[in-house]
file start_9.cif (mmCIF, N, CA and C atoms)
data_protein
#
loop_
_atom_site.label_atom_id
_atom_site.label_comp_id
_atom_site.auth_asym_id
_atom_site.auth_seq_id
_atom_site.Cartn_x
_atom_site.Cartn_y
_atom_site.Cartn_z
N MET A 1 -4.02 -45.28 -189.69
CA MET A 1 -4.50 -46.51 -189.11
C MET A 1 -5.96 -46.31 -188.71
N LEU A 2 -6.82 -47.04 -189.35
CA LEU A 2 -8.25 -46.98 -189.07
C LEU A 2 -8.54 -47.70 -187.76
N LEU A 3 -9.21 -47.03 -186.84
CA LEU A 3 -9.55 -47.63 -185.55
C LEU A 3 -10.89 -48.32 -185.63
N GLN A 4 -11.02 -49.44 -184.96
CA GLN A 4 -12.28 -50.18 -184.89
C GLN A 4 -12.88 -49.95 -183.50
N LEU A 5 -13.52 -48.81 -183.32
CA LEU A 5 -14.11 -48.47 -182.02
C LEU A 5 -15.63 -48.59 -182.12
N ASP A 6 -16.22 -49.24 -181.13
CA ASP A 6 -17.66 -49.44 -181.11
C ASP A 6 -18.31 -48.40 -180.20
N PHE A 7 -18.56 -47.22 -180.74
CA PHE A 7 -19.20 -46.17 -179.95
C PHE A 7 -20.64 -46.52 -179.61
N LEU A 8 -21.28 -47.35 -180.44
CA LEU A 8 -22.69 -47.69 -180.21
C LEU A 8 -22.91 -48.46 -178.91
N GLN A 9 -21.86 -49.04 -178.33
CA GLN A 9 -22.02 -49.73 -177.06
C GLN A 9 -22.46 -48.77 -175.95
N PHE A 10 -22.28 -47.47 -176.17
CA PHE A 10 -22.66 -46.47 -175.16
C PHE A 10 -24.05 -45.88 -175.39
N GLU A 11 -24.71 -46.33 -176.46
CA GLU A 11 -26.04 -45.80 -176.78
C GLU A 11 -27.04 -45.98 -175.63
N PRO A 12 -27.05 -47.12 -174.91
CA PRO A 12 -28.00 -47.25 -173.80
C PRO A 12 -27.80 -46.22 -172.68
N ALA A 13 -26.62 -45.64 -172.59
CA ALA A 13 -26.34 -44.66 -171.54
C ALA A 13 -26.80 -43.24 -171.91
N LEU A 14 -27.21 -43.04 -173.15
CA LEU A 14 -27.67 -41.71 -173.57
C LEU A 14 -28.97 -41.35 -172.85
N ARG A 15 -29.09 -40.09 -172.47
CA ARG A 15 -30.34 -39.59 -171.88
C ARG A 15 -31.07 -38.81 -172.97
N LEU A 16 -32.18 -39.38 -173.45
CA LEU A 16 -32.93 -38.79 -174.56
C LEU A 16 -34.25 -38.24 -174.08
N GLN A 17 -34.72 -37.19 -174.76
CA GLN A 17 -36.04 -36.61 -174.50
C GLN A 17 -36.70 -36.29 -175.84
N THR A 18 -38.02 -36.30 -175.85
CA THR A 18 -38.79 -35.90 -177.02
C THR A 18 -39.86 -34.93 -176.54
N ASP A 19 -40.03 -33.83 -177.28
CA ASP A 19 -41.08 -32.88 -176.91
C ASP A 19 -42.27 -32.96 -177.87
N GLY A 20 -42.39 -34.07 -178.56
CA GLY A 20 -43.47 -34.25 -179.52
C GLY A 20 -43.07 -33.85 -180.92
N VAL A 21 -42.13 -32.94 -181.04
CA VAL A 21 -41.68 -32.48 -182.35
C VAL A 21 -40.21 -32.81 -182.56
N SER A 22 -39.40 -32.50 -181.56
CA SER A 22 -37.95 -32.67 -181.66
C SER A 22 -37.45 -33.69 -180.66
N ARG A 23 -36.27 -34.22 -180.97
CA ARG A 23 -35.60 -35.13 -180.04
C ARG A 23 -34.37 -34.43 -179.49
N TRP A 24 -34.07 -34.70 -178.24
CA TRP A 24 -32.98 -34.05 -177.53
C TRP A 24 -32.12 -35.09 -176.84
N VAL A 25 -30.85 -34.79 -176.67
CA VAL A 25 -29.93 -35.67 -175.94
C VAL A 25 -29.20 -34.82 -174.90
N PHE A 26 -28.99 -35.41 -173.73
CA PHE A 26 -28.32 -34.69 -172.65
C PHE A 26 -26.81 -34.74 -172.87
N ASP A 27 -26.18 -33.57 -172.86
CA ASP A 27 -24.73 -33.46 -172.98
C ASP A 27 -24.17 -33.35 -171.57
N PRO A 28 -23.44 -34.36 -171.08
CA PRO A 28 -22.94 -34.33 -169.71
C PRO A 28 -21.85 -33.29 -169.49
N ILE A 29 -21.24 -32.82 -170.54
CA ILE A 29 -20.20 -31.80 -170.41
C ILE A 29 -20.82 -30.41 -170.33
N ARG A 30 -21.74 -30.12 -171.24
CA ARG A 30 -22.42 -28.80 -171.21
C ARG A 30 -23.54 -28.78 -170.18
N ARG A 31 -23.91 -29.95 -169.66
CA ARG A 31 -24.96 -30.12 -168.65
C ARG A 31 -26.30 -29.55 -169.10
N LYS A 32 -26.67 -29.89 -170.33
CA LYS A 32 -27.97 -29.46 -170.84
C LYS A 32 -28.37 -30.37 -171.99
N TYR A 33 -29.66 -30.35 -172.31
CA TYR A 33 -30.17 -31.09 -173.46
C TYR A 33 -29.92 -30.26 -174.72
N VAL A 34 -29.47 -30.95 -175.77
CA VAL A 34 -29.21 -30.31 -177.06
C VAL A 34 -29.95 -31.10 -178.14
N ALA A 35 -30.23 -30.44 -179.25
CA ALA A 35 -30.96 -31.09 -180.35
C ALA A 35 -30.20 -32.32 -180.83
N LEU A 36 -30.94 -33.39 -181.04
CA LEU A 36 -30.35 -34.65 -181.47
C LEU A 36 -30.27 -34.69 -182.99
N THR A 37 -29.07 -34.48 -183.49
CA THR A 37 -28.77 -34.59 -184.92
C THR A 37 -27.82 -35.79 -185.07
N PRO A 38 -27.59 -36.28 -186.28
CA PRO A 38 -26.64 -37.40 -186.43
C PRO A 38 -25.25 -37.05 -185.89
N GLU A 39 -24.79 -35.83 -186.13
CA GLU A 39 -23.47 -35.44 -185.62
C GLU A 39 -23.48 -35.33 -184.10
N GLU A 40 -24.58 -34.79 -183.55
CA GLU A 40 -24.67 -34.66 -182.08
C GLU A 40 -24.71 -36.03 -181.42
N LEU A 41 -25.45 -36.96 -182.02
CA LEU A 41 -25.49 -38.32 -181.49
C LEU A 41 -24.08 -38.89 -181.40
N LEU A 42 -23.31 -38.75 -182.47
CA LEU A 42 -21.94 -39.25 -182.47
C LEU A 42 -21.10 -38.53 -181.42
N ARG A 43 -21.23 -37.21 -181.34
CA ARG A 43 -20.46 -36.45 -180.36
C ARG A 43 -20.72 -36.98 -178.94
N GLN A 44 -21.99 -37.23 -178.64
CA GLN A 44 -22.34 -37.73 -177.31
C GLN A 44 -21.80 -39.15 -177.08
N LEU A 45 -21.83 -39.99 -178.09
CA LEU A 45 -21.26 -41.33 -177.96
C LEU A 45 -19.75 -41.28 -177.75
N VAL A 46 -19.08 -40.38 -178.47
CA VAL A 46 -17.63 -40.22 -178.29
C VAL A 46 -17.34 -39.69 -176.89
N LEU A 47 -18.12 -38.73 -176.42
CA LEU A 47 -17.93 -38.23 -175.06
C LEU A 47 -18.06 -39.35 -174.03
N LEU A 48 -19.08 -40.19 -174.20
CA LEU A 48 -19.25 -41.31 -173.27
C LEU A 48 -18.07 -42.29 -173.36
N TYR A 49 -17.54 -42.50 -174.56
CA TYR A 49 -16.36 -43.35 -174.72
C TYR A 49 -15.18 -42.76 -173.95
N LEU A 50 -14.97 -41.46 -174.12
CA LEU A 50 -13.84 -40.81 -173.44
C LEU A 50 -14.01 -40.85 -171.92
N LEU A 51 -15.24 -40.63 -171.45
CA LEU A 51 -15.50 -40.60 -170.01
C LEU A 51 -15.49 -41.99 -169.38
N GLU A 52 -16.15 -42.94 -170.04
CA GLU A 52 -16.35 -44.25 -169.42
C GLU A 52 -15.28 -45.28 -169.78
N ALA A 53 -14.90 -45.35 -171.05
CA ALA A 53 -13.91 -46.35 -171.45
C ALA A 53 -12.48 -45.87 -171.21
N LYS A 54 -12.22 -44.61 -171.56
CA LYS A 54 -10.87 -44.09 -171.44
C LYS A 54 -10.61 -43.39 -170.10
N LYS A 55 -11.68 -43.15 -169.34
CA LYS A 55 -11.58 -42.54 -167.99
C LYS A 55 -10.97 -41.14 -168.01
N TYR A 56 -11.27 -40.37 -169.07
CA TYR A 56 -10.85 -38.97 -169.11
C TYR A 56 -11.66 -38.21 -168.06
N PRO A 57 -11.05 -37.28 -167.35
CA PRO A 57 -11.81 -36.52 -166.34
C PRO A 57 -12.77 -35.51 -167.00
N ALA A 58 -14.03 -35.55 -166.60
CA ALA A 58 -15.06 -34.68 -167.19
C ALA A 58 -14.69 -33.21 -167.09
N GLN A 59 -14.05 -32.82 -165.99
CA GLN A 59 -13.72 -31.41 -165.81
C GLN A 59 -12.63 -30.92 -166.76
N ARG A 60 -12.01 -31.84 -167.50
CA ARG A 60 -10.97 -31.47 -168.48
C ARG A 60 -11.48 -31.52 -169.91
N ILE A 61 -12.79 -31.76 -170.08
CA ILE A 61 -13.37 -31.88 -171.43
C ILE A 61 -14.33 -30.72 -171.68
N ARG A 62 -14.30 -30.21 -172.90
CA ARG A 62 -15.27 -29.20 -173.34
C ARG A 62 -15.80 -29.64 -174.70
N SER A 63 -17.09 -29.37 -174.93
CA SER A 63 -17.67 -29.67 -176.24
C SER A 63 -18.22 -28.40 -176.85
N GLU A 64 -18.14 -28.36 -178.18
CA GLU A 64 -18.64 -27.21 -178.94
C GLU A 64 -17.97 -25.91 -178.51
N ILE A 65 -16.66 -25.89 -178.60
CA ILE A 65 -15.89 -24.68 -178.25
C ILE A 65 -15.84 -23.76 -179.46
N GLY A 66 -16.23 -22.52 -179.26
CA GLY A 66 -16.18 -21.55 -180.35
C GLY A 66 -14.76 -21.06 -180.59
N LEU A 67 -14.42 -20.83 -181.85
CA LEU A 67 -13.14 -20.25 -182.21
C LEU A 67 -13.31 -19.47 -183.50
N THR A 68 -12.39 -18.58 -183.77
CA THR A 68 -12.45 -17.76 -184.97
C THR A 68 -11.29 -18.11 -185.88
N ILE A 69 -11.61 -18.43 -187.14
CA ILE A 69 -10.59 -18.74 -188.14
C ILE A 69 -10.89 -17.87 -189.35
N ASN A 70 -9.92 -17.04 -189.75
CA ASN A 70 -10.10 -16.13 -190.88
C ASN A 70 -11.38 -15.30 -190.72
N GLN A 71 -11.58 -14.75 -189.54
CA GLN A 71 -12.73 -13.91 -189.19
C GLN A 71 -14.07 -14.62 -189.32
N ARG A 72 -14.05 -15.95 -189.29
CA ARG A 72 -15.29 -16.73 -189.34
C ARG A 72 -15.41 -17.55 -188.07
N GLN A 73 -16.62 -17.58 -187.52
CA GLN A 73 -16.88 -18.34 -186.30
C GLN A 73 -17.00 -19.83 -186.64
N LYS A 74 -16.26 -20.65 -185.92
CA LYS A 74 -16.27 -22.11 -186.08
C LYS A 74 -16.48 -22.73 -184.71
N ARG A 75 -16.73 -24.03 -184.70
CA ARG A 75 -16.89 -24.76 -183.43
C ARG A 75 -16.09 -26.05 -183.47
N CYS A 76 -15.29 -26.22 -182.46
CA CYS A 76 -14.54 -27.46 -182.27
C CYS A 76 -15.44 -28.42 -181.52
N ASP A 77 -15.61 -29.65 -182.01
CA ASP A 77 -16.54 -30.60 -181.40
C ASP A 77 -16.16 -30.96 -179.97
N ILE A 78 -14.96 -31.46 -179.78
CA ILE A 78 -14.52 -31.88 -178.45
C ILE A 78 -13.07 -31.47 -178.25
N ALA A 79 -12.78 -30.88 -177.11
CA ALA A 79 -11.41 -30.56 -176.73
C ALA A 79 -11.17 -31.12 -175.33
N VAL A 80 -10.04 -31.76 -175.17
CA VAL A 80 -9.63 -32.28 -173.86
C VAL A 80 -8.38 -31.51 -173.46
N PHE A 81 -8.35 -31.10 -172.20
CA PHE A 81 -7.24 -30.29 -171.69
C PHE A 81 -6.41 -31.09 -170.70
N ASP A 82 -5.12 -30.79 -170.63
CA ASP A 82 -4.25 -31.49 -169.70
C ASP A 82 -4.34 -30.86 -168.31
N GLY A 83 -3.52 -31.32 -167.39
CA GLY A 83 -3.55 -30.84 -166.01
C GLY A 83 -3.22 -29.37 -165.87
N LYS A 84 -2.53 -28.79 -166.85
CA LYS A 84 -2.20 -27.36 -166.84
C LYS A 84 -3.22 -26.55 -167.62
N LEU A 85 -4.32 -27.21 -168.02
CA LEU A 85 -5.41 -26.61 -168.80
C LEU A 85 -4.98 -26.17 -170.19
N ALA A 86 -3.95 -26.82 -170.72
CA ALA A 86 -3.53 -26.58 -172.11
C ALA A 86 -4.26 -27.60 -172.99
N PRO A 87 -4.65 -27.23 -174.19
CA PRO A 87 -5.30 -28.19 -175.09
C PRO A 87 -4.41 -29.41 -175.29
N TRP A 88 -5.01 -30.59 -175.17
CA TRP A 88 -4.26 -31.85 -175.22
C TRP A 88 -4.74 -32.74 -176.36
N LEU A 89 -6.07 -32.78 -176.58
CA LEU A 89 -6.66 -33.60 -177.64
C LEU A 89 -7.82 -32.83 -178.26
N ILE A 90 -7.86 -32.81 -179.58
CA ILE A 90 -8.97 -32.22 -180.33
C ILE A 90 -9.65 -33.35 -181.10
N VAL A 91 -10.98 -33.43 -180.99
CA VAL A 91 -11.74 -34.47 -181.70
C VAL A 91 -12.76 -33.78 -182.60
N GLU A 92 -12.71 -34.11 -183.87
CA GLU A 92 -13.68 -33.60 -184.84
C GLU A 92 -14.63 -34.73 -185.18
N CYS A 93 -15.93 -34.50 -185.00
CA CYS A 93 -16.96 -35.51 -185.28
C CYS A 93 -17.75 -35.09 -186.52
N LYS A 94 -17.92 -36.04 -187.41
CA LYS A 94 -18.72 -35.84 -188.61
C LYS A 94 -19.92 -36.77 -188.55
N SER A 95 -20.98 -36.41 -189.22
CA SER A 95 -22.13 -37.29 -189.33
C SER A 95 -21.70 -38.61 -189.97
N PRO A 96 -22.29 -39.73 -189.54
CA PRO A 96 -21.97 -41.00 -190.20
C PRO A 96 -22.24 -40.99 -191.70
N LYS A 97 -23.06 -40.08 -192.17
CA LYS A 97 -23.36 -39.98 -193.60
C LYS A 97 -22.24 -39.27 -194.36
N VAL A 98 -21.31 -38.64 -193.63
CA VAL A 98 -20.23 -37.87 -194.25
C VAL A 98 -18.95 -38.71 -194.24
N PRO A 99 -18.46 -39.10 -195.42
CA PRO A 99 -17.21 -39.87 -195.44
C PRO A 99 -16.04 -39.00 -194.98
N LEU A 100 -15.09 -39.62 -194.30
CA LEU A 100 -13.90 -38.89 -193.88
C LEU A 100 -12.99 -38.72 -195.09
N THR A 101 -12.67 -37.47 -195.37
CA THR A 101 -11.83 -37.15 -196.53
C THR A 101 -10.65 -36.30 -196.06
N GLN A 102 -9.80 -35.96 -196.98
CA GLN A 102 -8.68 -35.08 -196.68
C GLN A 102 -9.20 -33.76 -196.10
N ALA A 103 -10.35 -33.28 -196.59
CA ALA A 103 -10.92 -32.03 -196.09
C ALA A 103 -11.30 -32.14 -194.61
N SER A 104 -11.75 -33.32 -194.17
CA SER A 104 -12.09 -33.53 -192.76
C SER A 104 -10.85 -33.35 -191.89
N PHE A 105 -9.74 -33.94 -192.34
CA PHE A 105 -8.49 -33.83 -191.58
C PHE A 105 -7.97 -32.40 -191.61
N GLU A 106 -8.10 -31.74 -192.76
CA GLU A 106 -7.63 -30.35 -192.86
C GLU A 106 -8.43 -29.43 -191.95
N GLN A 107 -9.74 -29.68 -191.82
CA GLN A 107 -10.56 -28.88 -190.91
C GLN A 107 -10.06 -29.04 -189.48
N ALA A 108 -9.84 -30.26 -189.05
CA ALA A 108 -9.34 -30.51 -187.69
C ALA A 108 -7.97 -29.88 -187.51
N ALA A 109 -7.12 -29.98 -188.53
CA ALA A 109 -5.77 -29.40 -188.44
C ALA A 109 -5.84 -27.88 -188.35
N ARG A 110 -6.78 -27.24 -189.09
CA ARG A 110 -6.94 -25.78 -189.00
C ARG A 110 -7.36 -25.38 -187.59
N TYR A 111 -8.28 -26.13 -187.01
CA TYR A 111 -8.70 -25.84 -185.63
C TYR A 111 -7.50 -25.97 -184.70
N ASN A 112 -6.69 -26.98 -184.95
CA ASN A 112 -5.57 -27.22 -184.05
C ASN A 112 -4.44 -26.20 -184.22
N LEU A 113 -4.46 -25.43 -185.29
CA LEU A 113 -3.47 -24.34 -185.41
C LEU A 113 -3.62 -23.38 -184.24
N GLN A 114 -4.87 -23.18 -183.79
CA GLN A 114 -5.11 -22.31 -182.63
C GLN A 114 -4.84 -23.05 -181.33
N PHE A 115 -5.26 -24.29 -181.24
CA PHE A 115 -5.15 -25.03 -179.98
C PHE A 115 -3.75 -25.56 -179.71
N GLN A 116 -3.04 -26.02 -180.75
CA GLN A 116 -1.71 -26.61 -180.61
C GLN A 116 -1.72 -27.84 -179.70
N ALA A 117 -2.76 -28.65 -179.78
CA ALA A 117 -2.86 -29.88 -179.00
C ALA A 117 -1.92 -30.94 -179.59
N PRO A 118 -1.31 -31.76 -178.75
CA PRO A 118 -0.41 -32.80 -179.27
C PRO A 118 -1.13 -34.04 -179.83
N PHE A 119 -2.46 -34.12 -179.64
CA PHE A 119 -3.22 -35.25 -180.16
C PHE A 119 -4.45 -34.75 -180.92
N LEU A 120 -4.80 -35.48 -181.97
CA LEU A 120 -5.91 -35.09 -182.83
C LEU A 120 -6.64 -36.36 -183.27
N ALA A 121 -7.98 -36.30 -183.29
CA ALA A 121 -8.77 -37.43 -183.76
C ALA A 121 -9.91 -36.93 -184.64
N VAL A 122 -10.29 -37.74 -185.62
CA VAL A 122 -11.39 -37.43 -186.52
C VAL A 122 -12.22 -38.70 -186.63
N THR A 123 -13.55 -38.57 -186.51
CA THR A 123 -14.41 -39.74 -186.61
C THR A 123 -15.75 -39.39 -187.25
N ASN A 124 -16.32 -40.37 -187.92
CA ASN A 124 -17.71 -40.27 -188.36
C ASN A 124 -18.51 -41.43 -187.75
N GLY A 125 -17.91 -42.09 -186.78
CA GLY A 125 -18.54 -43.22 -186.11
C GLY A 125 -18.28 -44.54 -186.80
N LEU A 126 -18.18 -44.51 -188.11
CA LEU A 126 -17.87 -45.72 -188.88
C LEU A 126 -16.36 -45.87 -189.04
N ALA A 127 -15.69 -44.75 -189.18
CA ALA A 127 -14.23 -44.71 -189.30
C ALA A 127 -13.70 -43.70 -188.29
N THR A 128 -12.63 -44.06 -187.62
CA THR A 128 -12.00 -43.18 -186.65
C THR A 128 -10.50 -43.23 -186.83
N PHE A 129 -9.88 -42.05 -186.81
CA PHE A 129 -8.43 -41.94 -186.88
C PHE A 129 -7.97 -41.10 -185.70
N SER A 130 -6.92 -41.54 -185.05
CA SER A 130 -6.34 -40.82 -183.92
C SER A 130 -4.85 -40.71 -184.17
N CYS A 131 -4.28 -39.55 -183.91
CA CYS A 131 -2.85 -39.42 -184.15
C CYS A 131 -2.18 -38.53 -183.12
N ALA A 132 -0.89 -38.78 -182.96
CA ALA A 132 -0.02 -37.95 -182.13
C ALA A 132 0.69 -36.99 -183.07
N LEU A 133 0.74 -35.74 -182.68
CA LEU A 133 1.36 -34.71 -183.52
C LEU A 133 2.70 -34.29 -182.93
N ASP A 134 3.68 -34.14 -183.80
CA ASP A 134 4.95 -33.52 -183.41
C ASP A 134 4.88 -32.13 -184.01
N LEU A 135 4.41 -31.18 -183.21
CA LEU A 135 4.16 -29.83 -183.72
C LEU A 135 5.44 -29.15 -184.19
N ALA A 136 6.55 -29.39 -183.50
CA ALA A 136 7.81 -28.76 -183.88
C ALA A 136 8.30 -29.28 -185.23
N ALA A 137 8.17 -30.57 -185.46
CA ALA A 137 8.63 -31.17 -186.72
C ALA A 137 7.59 -31.10 -187.82
N GLY A 138 6.33 -30.80 -187.46
CA GLY A 138 5.28 -30.76 -188.46
C GLY A 138 4.93 -32.14 -188.98
N SER A 139 5.01 -33.14 -188.09
CA SER A 139 4.71 -34.51 -188.51
C SER A 139 3.69 -35.13 -187.55
N PHE A 140 3.20 -36.32 -187.92
CA PHE A 140 2.25 -37.02 -187.07
C PHE A 140 2.44 -38.52 -187.23
N SER A 141 1.91 -39.27 -186.26
CA SER A 141 1.90 -40.72 -186.35
C SER A 141 0.54 -41.20 -185.86
N PHE A 142 0.00 -42.21 -186.54
CA PHE A 142 -1.30 -42.75 -186.17
C PHE A 142 -1.18 -43.56 -184.88
N LEU A 143 -2.25 -43.53 -184.09
CA LEU A 143 -2.31 -44.27 -182.83
C LEU A 143 -3.32 -45.41 -182.94
N PRO A 144 -3.17 -46.47 -182.12
CA PRO A 144 -4.11 -47.59 -182.17
C PRO A 144 -5.41 -47.31 -181.40
N ASP A 145 -5.51 -46.16 -180.73
CA ASP A 145 -6.70 -45.79 -179.95
C ASP A 145 -6.55 -44.32 -179.61
N PHE A 146 -7.51 -43.78 -178.90
CA PHE A 146 -7.33 -42.44 -178.36
C PHE A 146 -6.20 -42.53 -177.34
N PRO A 147 -5.44 -41.47 -177.13
CA PRO A 147 -4.32 -41.55 -176.18
C PRO A 147 -4.81 -41.77 -174.74
N GLU A 148 -3.95 -42.39 -173.94
CA GLU A 148 -4.24 -42.56 -172.51
C GLU A 148 -4.08 -41.22 -171.84
N TYR A 149 -5.03 -40.87 -170.98
CA TYR A 149 -4.96 -39.57 -170.31
C TYR A 149 -3.97 -39.64 -169.17
#
call {"tool": "encode", "arguments": {"input": "start_9.cif", "output": "structure tokens"}}
result
Amino acid sequence: MLLQLDFLQFEPALRLQTDGVSRWVFDPIRRKYVALTPEELLRQLVLLYLLEAKKYPAQRIRSEIGLTINQRQKRCDIAVFDGKLAPWLIVECKSPKVPLTQASFEQAARYNLQFQAPFLAVTNGLATFSCALDLAAGSFSFLPDFPEY
């Protein structure tokens, strides 16, 4: 189920800086300015959606979490943790120029093999998919939005 989410409504809330050469955006989770790339812009818009529209608690969200898969360093875009600090939602953000394909979902699913979160979402800003996972049964169902925290 393709979600129709307007992440751009949060663009005015972004804190941007320019140093004459590069552009930077403030990440409220990492509490620092990071280089503004198309993927980073989307990540920040999704974070604002989770914080402001969905009211997820900031202290339960992490962005750019490092993990190792097959002895290779990878980064999970956004992870949300439950009250017991167990992974609850994994969000994979792609540049709007990158179409969401089976490979996009497989990447998020590989990351979730380590996290074992019951919810997973993939977005490129133009298309967003959110699903609930039944890890024991190895199945999933699409959701009409990100899950309620």
call {"tool": "closest_residue", "arguments": {"input": "start_9.cif", "among": "A:Phe140, A:Phe81, A:Phe146, A:Trp88", "to": "Ala117 (chain A)", "atoms": "all atoms listed in the file"}}
result
A:Trp88
call {"tool": "select_by_dssp", "arguments": {"input": "start_9.cif", "residues": "region 2-96 of chain A", "states": "helix (DSSP H, G or I)", "output": "short mmCIF file (atom, residue, chain, number, x, y, z; two decimals) with N, CA and C atoms, in the frame of the given file"}}
result
data_model
loop_
_atom_site.label_atom_id
_atom_site.label_comp_id
_atom_site.auth_asym_id
_atom_site.auth_seq_id
_atom_site.Cartn_x
_atom_site.Cartn_y
_atom_site.Cartn_z
N PHE A 7 -18.56 -47.22 -180.74
CA PHE A 7 -19.20 -46.17 -179.95
C PHE A 7 -20.64 -46.52 -179.61
N LEU A 8 -21.28 -47.35 -180.44
CA LEU A 8 -22.69 -47.69 -180.21
C LEU A 8 -22.91 -48.46 -178.91
N GLN A 9 -21.86 -49.04 -178.33
CA GLN A 9 -22.02 -49.73 -177.06
C GLN A 9 -22.46 -48.77 -175.95
N PHE A 10 -22.28 -47.47 -176.17
CA PHE A 10 -22.66 -46.47 -175.16
C PHE A 10 -24.05 -45.88 -175.39
N GLU A 11 -24.71 -46.33 -176.46
CA GLU A 11 -26.04 -45.80 -176.78
C GLU A 11 -27.04 -45.98 -175.63
N PRO A 12 -27.05 -47.12 -174.91
CA PRO A 12 -28.00 -47.25 -173.80
C PRO A 12 -27.80 -46.22 -172.68
N ALA A 13 -26.62 -45.64 -172.59
CA ALA A 13 -26.34 -44.66 -171.54
C ALA A 13 -26.80 -43.24 -171.91
N PRO A 38 -27.59 -36.28 -186.28
CA PRO A 38 -26.64 -37.40 -186.43
C PRO A 38 -25.25 -37.05 -185.89
N GLU A 39 -24.79 -35.83 -186.13
CA GLU A 39 -23.47 -35.44 -185.62
C GLU A 39 -23.48 -35.33 -184.10
N GLU A 40 -24.58 -34.79 -183.55
CA GLU A 40 -24.67 -34.66 -182.08
C GLU A 40 -24.71 -36.03 -181.42
N LEU A 41 -25.45 -36.96 -182.02
CA LEU A 41 -25.49 -38.32 -181.49
C LEU A 41 -24.08 -38.89 -181.40
N LEU A 42 -23.31 -38.75 -182.47
CA LEU A 42 -21.94 -39.25 -182.47
C LEU A 42 -21.10 -38.53 -181.42
N ARG A 43 -21.23 -37.21 -181.34
CA ARG A 43 -20.46 -36.45 -180.36
C ARG A 43 -20.72 -36.98 -178.94
N GLN A 44 -21.99 -37.23 -178.64
CA GLN A 44 -22.34 -37.73 -177.31
C GLN A 44 -21.80 -39.15 -177.08
N LEU A 45 -21.83 -39.99 -178.09
CA LEU A 45 -21.26 -41.33 -177.96
C LEU A 45 -19.75 -41.28 -177.75
N VAL A 46 -19.08 -40.38 -178.47
CA VAL A 46 -17.63 -40.22 -178.29
C VAL A 46 -17.34 -39.69 -176.89
N LEU A 47 -18.12 -38.73 -176.42
CA LEU A 47 -17.93 -38.23 -175.06
C LEU A 47 -18.06 -39.35 -174.03
N LEU A 48 -19.08 -40.19 -174.20
CA LEU A 48 -19.25 -41.31 -173.27
C LEU A 48 -18.07 -42.29 -173.36
N TYR A 49 -17.54 -42.50 -174.56
CA TYR A 49 -16.36 -43.35 -174.72
C TYR A 49 -15.18 -42.76 -173.95
N LEU A 50 -14.97 -41.46 -174.12
CA LEU A 50 -13.84 -40.81 -173.44
C LEU A 50 -14.01 -40.85 -171.92
N LEU A 51 -15.24 -40.63 -171.45
CA LEU A 51 -15.50 -40.60 -170.01
C LEU A 51 -15.49 -41.99 -169.38
N GLU A 52 -16.15 -42.94 -170.04
CA GLU A 52 -16.35 -44.25 -169.42
C GLU A 52 -15.28 -45.28 -169.78
N ALA A 53 -14.90 -45.35 -171.05
CA ALA A 53 -13.91 -46.35 -171.45
C ALA A 53 -12.48 -45.87 -171.21
N ALA A 58 -14.03 -35.55 -166.60
CA ALA A 58 -15.06 -34.68 -167.19
C ALA A 58 -14.69 -33.21 -167.09
N GLN A 59 -14.05 -32.82 -165.99
CA GLN A 59 -13.72 -31.41 -165.81
C GLN A 59 -12.63 -30.92 -166.76
N ARG A 60 -12.01 -31.84 -167.50
CA ARG A 60 -10.97 -31.47 -168.48
C ARG A 60 -11.48 -31.52 -169.91
#
call {"tool": "resolve_selection", "arguments": {"input": "start_9.cif", "expression": "the PyMOL selection byres (((chain A and resi 34 and name CA) around 12) and name CA)", "output": "count of residues only"}}
result
26
call {"tool": "atom_distance", "arguments": {"input": "start_9.cif", "atom1": "CA of Asp134 (chain A)", "atom2": "CA of Asn112 (chain A)"}}
result
12.3 Å
call {"tool": "atom_distance", "arguments": {"input": "start_9.cif", "atom1": "atom N of Gln4 (chain A)", "atom2": "atom N of Phe119 (chain A)"}}
result
18.3 Å
call {"tool": "closest_residue", "arguments": {"input": "start_9.cif", "among": "A:Leu135, A:Leu67, A:Lys54, A:Val21", "to": "Pro147 (chain A)", "atoms": "all atoms listed in the file"}}
result
A:Lys54
call {"tool": "residues_around", "arguments": {"input": "start_9.cif", "residues": "region 96-106 of chain A", "least_positions_apart": "3", "cutoff": "6.5 Å", "atoms": "all atoms listed in the file", "output": "CSV table (one decimal) with N, CA and C atoms, in the coordinates of the input"}}
result
chain,number,residue,atom,x,y,z
A,38,PRO,N,-27.6,-36.3,-186.3
A,38,PRO,CA,-26.6,-37.4,-186.4
A,38,PRO,C,-25.2,-37.0,-185.9
A,39,GLU,N,-24.8,-35.8,-186.1
A,39,GLU,CA,-23.5,-35.4,-185.6
A,39,GLU,C,-23.5,-35.3,-184.1
A,109,ALA,N,-7.1,-30.0,-188.5
A,109,ALA,CA,-5.8,-29.4,-188.4
A,109,ALA,C,-5.8,-27.9,-188.4
A,110,ARG,N,-6.8,-27.2,-189.1
A,110,ARG,CA,-6.9,-25.8,-189.0
A,110,ARG,C,-7.4,-25.4,-187.6
A,111,TYR,N,-8.3,-26.1,-187.0
A,111,TYR,CA,-8.7,-25.8,-185.6
A,111,TYR,C,-7.5,-26.0,-184.7
A,124,ASN,N,-16.3,-40.4,-187.9
A,124,ASN,CA,-17.7,-40.3,-188.4
A,124,ASN,C,-18.5,-41.4,-187.8
A,125,GLY,N,-17.9,-42.1,-186.8
A,125,GLY,CA,-18.5,-43.2,-186.1
A,125,GLY,C,-18.3,-44.5,-186.8
A,126,LEU,N,-18.2,-44.5,-188.1
A,126,LEU,CA,-17.9,-45.7,-188.9
A,126,LEU,C,-16.4,-45.9,-189.0
call {"tool": "residues_around", "arguments": {"input": "start_9.cif", "residues": "Met1 (chain A)", "least_positions_apart": "5", "cutoff": "7 Å", "atoms": "all atoms listed in the file", "output": "PyMOL selection string"}}
result
chain A and resi 128-130+142-144
